[in-house]
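Everything below concerns the one structure shown next.
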Amino acid sequence: MDIKEVKNQKPKVKGGFGDKIGEVIETSSAEFTAQCYKLTEAPPLGSLVKTQDKFGEIYGVVYNVETHSLDPGRRVLARGENMKAEEEIFAANPQLSKLLTTDFRVLLVGHVEGKSIHHYLPPKSASIHSFVYICRLEEVRAFTESLDFLSLIMNARIPVPVDEVAGACIRYTSQAHSDPNAFLIKAGKELAYMLSGEVNRLNSLLKRLK
Amino acid sequence: MTNRSSEEQTRLGVVVSGSLTRGVDVRLDTSISVEDIAVGRYVAIEGAKRRFFGMITEVSLETADPSVATTPPDVSDPFIADVITGTTIYGKLRVMPMLTIGSDAASILEGPQPAKTVPAHFSSVKLASQRDVEVVFGAEDEKRFYVGTPLDMETKVCLDIAEFVKRSNGVFGKSGTGKTFLTRLLLVGMLQKNTAVSLVFDMHSEYGWEGKTEKGYKVKGLKQLFPSKVAIFTLDEESSKRRKVSTDVVVRIGYNEIEPEDIELLRQTLNLTEVSAQTVYQLAREFGDRKWLETVLNLNEEEGKQLISRLNIHDSTYRNLRRGLENLRRFSFLVPKAHENSVQRILEYLDRGINVILEFGRFDDFAAYILVANLLSRRIHAKYRENAEREMGGEVAPSRPLVITIEEAHRFLNPEFSSQTIFGRIAREMRKYNVTLLVIDQRPSGIDAEIMSQLGTKITCLLDDERDLDSVLTGTSGKSELKSVLSKLETKQQALIFGHAVPMPVVIKTREYGTAESYKELGFLNAVELKKKTEKDIEDLWA
């Protein structure tokens with residue numbers, strides 16, 4: 001598969017590669033939470049995103065996407081009992097898009113200082129209110145030339161199963177490479193080294209890469 | 001693999017552990033499949049300060065996690081198979097480092113030395129290049145004879161014939177594995193390099209004029225290739241005539257030449273009891289060393305009775321002895337009195353640098369073979385010994401080294417007889433008197449361990465009996481590793497060479513022998529070329 005074909009798969013990422021999709025609203029050394037500008041345009045699980053500030057770029061992998069009510073005291077109610085399509089709900093209740101919000105949580109996996117890419121945590125966490133962009137294909141390709149960042153995912157303590165996030169991330173980033181299959185094998189081997197004592201876990205993870 | 005071996009060098013993997021005595025373990029790179037590797041292949045290891053040369057002695061499958069063996073991954077999926085190959089599962093080699101070359105100029109000039117240490121961790125391991133093999137085994141020159149090529153390579157492995165003939169050597173292998181071909185090649189080598197002269201006791205008449213391959217093709221013998229340097233002696237003139245072999249000398253042996261030791265050696269083949277074999281000495285004392293056999297064979301019944309009562313020999317012992325000795329009568333080459341001294345004739349030829357091949361014709365049983373080989377060798381050895389002693393006194397020039405080739409060697413060199421036969425002595429005292437042995441045998445375990453340990457170079461085709469393997473490898477370093485190589489040789493055209501004449505053990509595919517091209521390479525000139533050469537020689541002579 002070549003890059004042109006990969007680009008044709010754009011609909012996978014709502015908003016498109018390189019677009020600004022949200023803003024950091026909570027930040028720490030190992031992760032940040034960003035709020036999406038549009039309710040339905042969250043980045044997919046495992047996608048590579050970045051933020052920028054004067055110190056450089058910080059790269060992260062989306063590990064959780066959550067849509068909830070803006071007001072923690074008010075629960076979202078089911079409204080579509082008498083409607084034929086889901087879209088009609090939003091049409092009939094235009095206020096909903098203002099009362100709800102989509103957040104996504106991002107695991108930091110590396111940063112760029114000057115021109116060099118480092119696959120470890122940045123010295124400084126992402127700035128609050130910094131914009132979050134979905135990485136462009138060439139950025140994904142450059143960042144995943146080395147797969148050292150996989151150990152950051154595999155060793156993360158997050159509420160979502162790390163194997164799922166790692167699998168999703170590898171599948172997502174493989175699309176940026178000219179030979180996705182070779183990339184998958186390379187990543188699979190990296191995982192095999194990391195999980196050398198856990199064959200069953202490796203097996204199920206490898207099945208998720210296809 | 002063929003594509004890869006054509007490259008200058010193929011990386012196999014890295015050294016991960018090991019020791020000098022066990023050999024080093026090499027983890028195979030992901031791109032190399034264990035199925036492309038064969039024991040006996042020859043590798044080069046790039047250490048930090050020196051290069052090592054070694055031989056693959058073991059190939060094994062390893063897993064990073066032992067539970068893989070109980071719950072194997074789904075390798076029917078090519079993706080999973082690709083990923084786990086080289087990571088979760090991988091191949092491992094055991095390499096025996098044998099030689100090393102330092103990187104400084106002095107050590108390069110010095111050439112390969114025996115390895116006294118192992119390469120450092122993670123040194124990279126490559127298949128040896130053609131050049132490496134050349135550095136180790138040397139190119140073909142006036143001393144070195146090309147015997148074959150290493151497995152999967154085209155470089156020539158050369159045997160240092162000058163060193164080879166300085167010690168007694170052995171060619172071993174099961175029947176049908178190519179011992180005869182190999183021996184013929186070695187004889188050609190010695191002949192071509194002119195370092196020694198050979199005396200071959202040719203039990204099955206296959207070295208002199210022509211031999212046969214297993215498929216039934218005829219191959220030229222030494223006399224056809226080098227007519228002016230080889231003489232064929234025969235014990236059985238009729239057989240030679242039937243085979244249309246032009247023989248140089250017909251060997252006859254007189255009764256007077258047979259000594260009591262010869263009979264003792266034949267005890268088993270002549271079915272003599274131990275007591276009757278001892279009685280022979282008594283008879284020899286009575287009638288004299290030169291006359292006893294003829295006298296005893298000519299005794300009539302009455303005289304026999306008188307003799308046993310005079311010498312106090314038991315009747316059954318005498319009968320047993322008599323029956324055994326009567327067997328000798330069927331050997332037509334044994335005559336009451338030989339007109340010509342065969343030993344003298346053989347020595348004359350050997351002195352002139354002409355190789356002698358003694359054909360046994362129809363007498364290809366052990367009794368005749370043991371009797372004649374032992375008897376002639378004893379005399380010839382005595383002459384050489386005399387000459388060597390004179391040489392020490394400064395009287396004469398050293399005689400040309402002699403290599404005596406014997407087949408079915410375990411019959412002469414078994415622990416029971418090796419101390420009695422001349423071959424046992426030649427093997428032990430080595431080159432002191434310029435006589436060495438080329439021992440050919442299919443049952444090396446039958447040969448006295450002391451003799452086996454004295455053999456300088458051993459060339460071994462496939463052997464699979466445990467005892468034979470042990471016996472061939474006695475006293476060799478890395479014995480168990482070589483054993484695995486040896487028992488996995490192919491049945492044809494493959495041999496392991498180790499010992500004095502090669503810097504390190506090497507598995508070779510034996511050089512081609514039997515095609516017109518191979519004869520040409522070995523120095524055979526056909527009629528037209530021979531004529532041209534003669535004309536040129538004459539011209540040179542008168543120029």
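Within each chain, counting starts at residue 1; across the structure tokens, chains are named A, B, ... in the order shown, with ligands numbered 1 upward in that order.
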
Contact table range 174-206 of chain B vs range 393-414 of chain B, cut-off 9 Å, shortest pair per residue, only C-alpha atoms, as a tab-separated table:
```
residue	atom	partner	partner_atom	distance
B:Thr183	CA	B:Thr405	CA	8.9
B:Thr195	CA	B:Pro401	CA	7.3
B:Ala196	CA	B:Pro401	CA	4.8
B:Val197	CA	B:Leu402	CA	5.0
B:Ser198	CA	B:Val403	CA	4.8
B:Leu199	CA	B:Ile404	CA	4.8
B:Val200	CA	B:Thr405	CA	4.6
B:Phe201	CA	B:Ile406	CA	5.6
B:Asp202	CA	B:Glu407	CA	7.5
B:Met203	CA	B:Glu407	CA	7.0
```

>> Could you go through chain A and tell me which residues DSSP, when run on the backbone, assigns to alpha helix (DSSP H), listing them as number ranges by chain?
In response: A: 3-8, 86-92, 96-99, 137-143, 150-154, 162-174, 180-194, 199-207

> What are the residues of chain A that have an atom within 10 Å of an atom of chain B, counting only C-alpha atoms, as a PyMOL selection string?
Replying inline: chain A and resi 181-182+184-200+202-204+206-207+209-210

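If only C-alpha atoms are the atoms counted, then among A:Arg208, A:Lys115, A:Lys124, A:Lys84 the closest residue to Asp163 in chain A is A:Arg208.
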
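Residue nearest Asp351 in chain B within the list B:Ala449, B:Ile380, B:Leu375, B:Ile370: B:Ile380 [criterion: smallest interatomic distance, only C-alpha atoms].
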
> By how many Å are CA of Glu26 in chain A and CA of Tyr63 in chain A apart?
Replying inline: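 The value is 14.7 Å.
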
> Residues of range 51-239 of chain B in strand (DSSP E or B) according to DSSP, as a ChimeraX atom specification?
Replying inline: /B:51-63,85,89-102,113-114,124-127,144-150,157-160,169-172,197-202,210-212,218-220,230-234

>> Give me the residues near Phe90 in chain A as a list of chain:residue names, where near means some atom within 12 Å (using only C-alpha atoms) and where sequence neighbours in that chain fewer than 4 positions away do not count.
In response: A:Leu39, A:Thr40, A:Ala78, A:Arg79, A:Gly80, A:Met83, A:Ala85, A:Glu86, A:Pro94, A:Gln95, A:Leu96, A:Ser97, A:Lys98, A:Leu99, A:Leu100
